[in-house]
>>> print(open('query-v8.tsv').read())   # TSV, C-alpha atoms
chain	number	residue	atom	x	y	z
T	1	MET	CA	69.80	8.45	260.78
T	2	ALA	CA	67.56	9.59	257.91
T	3	ILE	CA	67.80	6.20	256.20
T	4	LYS	CA	67.02	4.37	259.45
T	5	LEU	CA	63.95	6.57	260.06
T	6	SER	CA	62.76	6.14	256.50
T	7	GLU	CA	63.28	2.36	256.34
T	8	ASN	CA	61.64	1.87	259.74
T	9	GLN	CA	62.22	-1.86	259.94
T	10	ALA	CA	60.60	-1.98	263.40
T	11	LYS	CA	57.48	-0.30	261.95
T	12	ASP	CA	57.48	2.36	264.65
T	13	THR	CA	55.05	5.27	264.67
T	14	ALA	CA	56.10	8.55	263.07
T	15	TYR	CA	56.00	10.08	266.57
T	16	SER	CA	58.52	7.61	267.99
T	17	ARG	CA	60.82	7.96	264.96
T	18	VAL	CA	60.83	11.74	265.31
T	19	ALA	CA	61.48	11.34	269.05
T	20	ASP	CA	64.62	9.40	268.07
T	21	LEU	CA	65.61	12.23	265.73
T	22	ARG	CA	64.98	14.81	268.47
T	23	ARG	CA	67.20	12.90	270.91
T	24	CYS	CA	69.93	12.68	268.28
T	25	ILE	CA	69.78	16.42	267.57
T	26	PHE	CA	69.91	17.30	271.26
T	27	ASP	CA	72.75	14.82	271.86
T	28	ILE	CA	74.77	16.50	269.12
T	29	ILE	CA	74.03	19.95	270.53
T	30	ASP	CA	74.94	18.80	274.04
T	31	LYS	CA	78.17	17.23	272.82
T	32	GLU	CA	79.12	20.33	270.87
T	33	ALA	CA	78.34	22.53	273.85
T	34	ASN	CA	80.34	20.19	276.10
T	35	ASN	CA	77.39	19.94	278.50
T	36	LYS	CA	75.54	17.06	280.12
T	37	GLN	CA	72.19	18.84	279.73
T	38	LEU	CA	70.80	21.10	277.05
T	39	ASN	CA	71.22	24.66	278.32
T	40	LEU	CA	71.59	26.40	275.00
T	41	PRO	CA	69.00	28.93	273.87
T	42	ILE	CA	67.00	27.02	271.28
T	43	ASN	CA	63.86	28.49	269.80
T	44	SER	CA	61.23	26.03	271.02
T	45	GLU	CA	58.63	27.15	268.46
T	46	ASP	CA	61.05	26.56	265.57
T	47	THR	CA	61.97	23.17	267.04
T	48	ARG	CA	58.31	22.22	267.48
T	49	GLN	CA	57.52	23.14	263.88
T	50	LEU	CA	60.57	21.28	262.58
T	51	LEU	CA	59.57	18.11	264.45
T	52	SER	CA	55.96	18.43	263.24
T	53	ALA	CA	57.19	18.76	259.65
T	54	CYS	CA	59.37	15.68	260.15
T	55	ARG	CA	56.39	13.64	261.41
T	56	LEU	CA	54.28	14.69	258.43
T	57	SER	CA	57.15	13.98	256.03
T	58	LEU	CA	57.55	10.46	257.44
T	59	LEU	CA	53.81	9.82	257.14
T	60	ILE	CA	53.82	10.94	253.50
T	61	ASN	CA	56.95	8.92	252.73
T	62	ASP	CA	55.36	5.81	254.28
T	63	TYR	CA	52.22	6.34	252.21
T	64	ILE	CA	54.12	6.81	248.95
T	65	SER	CA	56.83	4.19	249.30
T	66	LYS	CA	55.61	1.42	251.63
T	67	SER	CA	53.39	-1.60	251.12
T	68	PRO	CA	49.75	-1.58	252.23
T	69	SER	CA	50.51	-4.18	254.93
T	70	TYR	CA	53.34	-2.00	256.30
T	71	GLN	CA	51.04	1.03	256.33
T	72	LEU	CA	48.27	-0.85	258.11
T	73	GLU	CA	50.66	-2.17	260.76
T	74	VAL	CA	52.15	1.27	261.47
T	75	ARG	CA	48.65	2.80	261.48
T	76	GLU	CA	47.48	0.20	264.00
T	77	LYS	CA	50.52	0.85	266.22
T	78	THR	CA	49.81	4.57	266.05
T	79	MET	CA	46.16	4.09	267.00
T	80	GLN	CA	47.12	1.77	269.87
T	81	ALA	CA	49.69	4.26	271.17
T	82	PHE	CA	47.09	7.04	270.94
T	83	ALA	CA	44.51	4.97	272.85
T	84	TYR	CA	47.10	4.13	275.51
T	85	GLU	CA	48.09	7.79	275.95
T	86	MET	CA	44.45	8.85	276.18
T	87	SER	CA	43.79	6.20	278.84
T	88	MET	CA	46.49	7.56	281.13
T	89	PRO	CA	45.30	9.71	284.04
T	90	LEU	CA	45.89	13.43	283.79
T	91	GLU	CA	48.65	14.72	285.99
T	92	HIS	CA	49.57	18.17	287.16
T	93	ALA	CA	53.27	17.65	286.72
T	94	THR	CA	56.01	20.19	286.63
T	95	MET	CA	58.35	20.13	283.70
T	96	PRO	CA	62.10	20.68	283.72
T	97	ASN	CA	63.35	24.25	283.20
T	98	GLY	CA	60.00	25.65	284.33
T	99	LYS	CA	58.20	24.69	281.14
T	100	LYS	CA	54.43	24.46	281.16
T	101	TYR	CA	52.93	20.96	281.52
T	102	ILE	CA	50.57	20.18	278.64
T	103	PRO	CA	48.26	17.22	279.34
T	104	ARG	CA	48.43	14.39	276.84
T	105	TRP	CA	51.12	16.10	274.76
T	106	LYS	CA	52.16	12.83	273.15
T	107	ALA	CA	48.57	11.90	272.24
T	108	ARG	CA	48.18	15.27	270.50
T	109	HIS	CA	50.95	14.27	268.10
T	110	LEU	CA	50.14	10.60	267.50
T	111	HIS	CA	48.31	10.83	264.20
T	112	THR	CA	47.91	8.85	261.02
T	113	LEU	CA	48.02	10.52	257.60
T	114	ASP	CA	44.23	10.66	257.31
T	115	TYR	CA	44.18	13.03	260.32
T	116	TYR	CA	45.75	15.72	258.12
T	117	ALA	CA	43.38	15.27	255.18
T	118	TYR	CA	40.15	17.18	254.66
T	119	ALA	CA	37.26	15.44	256.39
T	120	GLU	CA	35.87	14.00	253.15
T	121	VAL	CA	39.28	12.79	252.00
T	122	GLY	CA	39.85	11.24	255.41
T	123	LYS	CA	36.56	9.37	255.15
T	124	GLY	CA	37.54	8.20	251.67
T	125	LEU	CA	40.93	6.99	252.88
T	126	LYS	CA	39.26	5.03	255.67
T	127	ARG	CA	36.86	3.46	253.15
T	128	LEU	CA	39.78	2.57	250.87
T	129	GLU	CA	41.54	0.89	253.80
T	130	SER	CA	38.48	-1.24	254.41
T	131	VAL	CA	38.43	-2.67	250.87
T	132	ASP	CA	39.20	-6.39	251.06
T	133	ARG	CA	42.66	-6.92	249.56
T	134	GLY	CA	42.12	-10.67	249.50
T	135	LYS	CA	39.56	-10.43	246.70
T	136	ASP	CA	40.11	-11.32	243.09
T	137	VAL	CA	41.95	-8.48	241.28
T	138	ILE	CA	38.94	-7.45	239.17
T	139	GLU	CA	36.63	-7.31	242.22
T	140	TYR	CA	39.26	-5.38	244.14
T	141	ILE	CA	39.63	-2.80	241.34
T	142	ASN	CA	35.84	-2.46	241.06
T	143	ASP	CA	35.58	-1.84	244.82
T	144	ILE	CA	38.34	0.80	244.66
T	145	VAL	CA	36.66	2.52	241.70
T	146	GLU	CA	33.35	2.52	243.58
T	147	VAL	CA	34.92	4.21	246.59
T	148	CYS	CA	36.70	6.78	244.41
T	149	SER	CA	33.58	7.58	242.36
T	150	ASP	CA	31.88	8.85	245.53
T	151	PHE	CA	34.24	11.85	245.58
>>> encode(input="query-v8.tsv", output="structure tokens")
Amino acid sequence: MAIKLSENQAKDTAYSRVADLRRCIFDIIDKEANNKQLNLPINSEDTRQLLSACRLSLLINDYISKSPSYQLEVREKTMQAFAYEMSMPLEHATMPNGKKYIPRWKARHLHTLDYYAYAEVGKGLKRLESVDRGKDVIEYINDIVEVCSDF
């Protein structure tokens, strides 16, 4: 499962990959408990923090080990998914097991790596992404140096 999430051949968002991991974990717990539904006492705060750490870890891994075109495609998918979630009407739904409904929960967790950076670093990352990769190598390097010198 870890290799599949890391390789991410479908170029899914970090949120959707962690959702797959969450389902896998709960399926294992359900199977071990011999239940059809999860009725075991699981600390929801610990689970939430674990899944958040997994999302951040996947974002960092993508940044370190994936090509710029891969990163841009996943970033675009993430931004599209965020826009879609934000466009959905708010509902006053009731959740299973009496849990509190939190509007736009998914949108709150659909982020790109620059979301976690300091504001200035985030602006710099966005400027770096806008540098034309189709340029001659020397021009490209000069543009990158120019962006970095503003820090």
>>> closest_residue(input="query-v8.tsv", among="T:Arg75, T:Arg104, T:His111, T:Lys66", to="T:Asn8", atoms="all atoms listed in the file")
T:Lys66
>>> residues_around(input="query-v8.tsv", residues="T:Glu73", least_positions_apart="5", cutoff="10 Å", atoms="only C-alpha atoms", output="PyMOL selection string")
chain T and resi 11-13+68+78-79
>>> closest_residue(input="query-v8.tsv", among="T:Lys126, T:Glu7, T:Asp143, T:Met1", to="T:Ser67", atoms="only C-alpha atoms")
T:Glu7
>>> atom_distance(input="query-v8.tsv", atom1="atom CA of T:Val74", atom2="atom CA of T:Leu5")
13.0 Å
>>> closest_residue(input="query-v8.tsv", among="T:Ala2, T:Leu56, T:Ala10, T:Ala81", to="T:Cys24", atoms="all atoms listed in the file")
T:Ala2
>>> atom_distance(input="query-v8.tsv", atom1="atom CA of T:Lys4", atom2="atom CA of T:Ile60")
15.9 Å
>>> closest_residue(input="query-v8.tsv", among="T:Ala107, T:Ile64, T:Ile29, T:Leu128", to="T:Asn142", atoms="all atoms listed in the file")
T:Leu128
>>> residues_around(input="query-v8.tsv", residues="T:Glu129", least_positions_apart="6", cutoff="10 Å", atoms="all atoms listed in the file", output="NGL selection string")
:T and (68 or 71-72 or 123 or 144)
>>> closest_residue(input="query-v8.tsv", among="T:Leu58, T:Ala14, T:Cys148, T:Ile102", to="T:Val121", atoms="only C-alpha atoms")
T:Cys148
>>> closest_residue(input="query-v8.tsv", among="T:Ser130, T:Gln9, T:Gln49, T:Gln80", to="T:Thr112", atoms="all atoms listed in the file")
T:Gln80
